[in-house]
Amino acid sequence: MGKTFQVLDFEDSGIHGIAIAPMKDRLSVNCTSDGEIDAAIQNLKDDADRIAKVMKRELRKRKKQPLFGRDS
């Protein structure tokens, strides 16, 4: 499979959680064929899977930290 272009990231909203955030205004290149459309959509799916792993890792890290500076 080709290189995955990373177009998604996450934003840490503190006590409100973590949100998916686009890093770019345009999420794909211009498509002129069915194959290019399929590849662009697959890239978005792969990137969504990647950012899901990052976000879950961040949530696990948060759960280990005390809230608001209190000892757990």
# chains A, B, ... in the order shown; residues from 1 in each chain; ligands from 1

call {"tool": "residues_around", "arguments": {"residues": "region 19-28 of chain A", "least_positions_apart": "2", "cutoff": "8 Å", "atoms": "only C-alpha atoms", "output": "number ranges by chain"}}
result
A: 7-13, 17, 30, 40, 44, 51

call {"tool": "select_by_dssp", "arguments": {"residues": "chain A", "states": "strand (DSSP E or B)", "output": "PyMOL selection string"}}
result
chain A and resi 8-12+18-22

call {"tool": "atom_distance", "arguments": {"atom1": "CA of Ala48 (chain A)", "atom2": "CA of Pro66 (chain A)"}}
result
28.9 Å

call {"tool": "atom_distance", "arguments": {"atom1": "CA of Glu58 (chain A)", "atom2": "CA of Gly14 (chain A)"}}
result
11.6 Å

call {"tool": "residues_around", "arguments": {"residues": "Arg62 (chain A)", "least_positions_apart": "5", "cutoff": "12 Å", "atoms": "only C-alpha atoms", "output": "list in words"}}
result
Asp12, Gly14, Ile15, Gly17, Ile18, Met55, Lys56, Arg57, Leu67 and Phe68 of chain A

call {"tool": "select_by_dssp", "arguments": {"residues": "chain A", "states": "alpha helix (DSSP H)", "output": "VMD selection string"}}
result
chain A and resid 34 to 63

call {"tool": "write_last_selection", "arguments": {"atoms": "C-alpha atoms", "output": "mmCIF file, in the first residue's frame"}}
result
data_model
loop_
_atom_site.group_PDB
_atom_site.id
_atom_site.type_symbol
_atom_site.label_atom_id
_atom_site.label_comp_id
_atom_site.auth_asym_id
_atom_site.auth_seq_id
_atom_site.Cartn_x
_atom_site.Cartn_y
_atom_site.Cartn_z
ATOM 1 C CA ASP A 34 -12.955 5.953 -9.532
ATOM 2 C CA GLY A 35 -9.628 4.473 -8.481
ATOM 3 C CA GLU A 36 -8.362 7.815 -7.219
ATOM 4 C CA ILE A 37 -11.560 8.327 -5.247
ATOM 5 C CA ASP A 38 -11.263 4.854 -3.730
ATOM 6 C CA ALA A 39 -7.605 5.527 -2.828
ATOM 7 C CA ALA A 40 -8.465 8.900 -1.247
ATOM 8 C CA ILE A 41 -11.255 7.350 0.845
ATOM 9 C CA GLN A 42 -9.010 4.472 1.898
ATOM 10 C CA ASN A 43 -6.361 6.995 2.937
ATOM 11 C CA LEU A 44 -8.903 8.773 5.145
ATOM 12 C CA LYS A 45 -9.940 5.452 6.693
ATOM 13 C CA ASP A 46 -6.304 4.527 7.377
ATOM 14 C CA ASP A 47 -5.638 7.935 8.890
ATOM 15 C CA ALA A 48 -8.774 7.686 11.045
ATOM 16 C CA ASP A 49 -7.526 4.321 12.339
ATOM 17 C CA ARG A 50 -4.124 5.865 13.070
ATOM 18 C CA ILE A 51 -5.528 8.811 14.991
ATOM 19 C CA ALA A 52 -7.909 6.524 16.916
ATOM 20 C CA LYS A 53 -4.887 4.632 18.281
ATOM 21 C CA VAL A 54 -3.181 7.901 19.253
ATOM 22 C CA MET A 55 -6.320 9.225 20.966
ATOM 23 C CA LYS A 56 -6.890 5.991 22.892
ATOM 24 C CA ARG A 57 -3.263 6.012 24.044
ATOM 25 C CA GLU A 58 -3.696 9.618 25.235
ATOM 26 C CA LEU A 59 -6.870 8.706 27.163
ATOM 27 C CA ARG A 60 -5.102 5.786 28.856
ATOM 28 C CA LYS A 61 -2.298 8.147 29.849
ATOM 29 C CA ARG A 62 -4.831 10.633 31.276
ATOM 30 C CA LYS A 63 -6.564 7.976 33.352
#
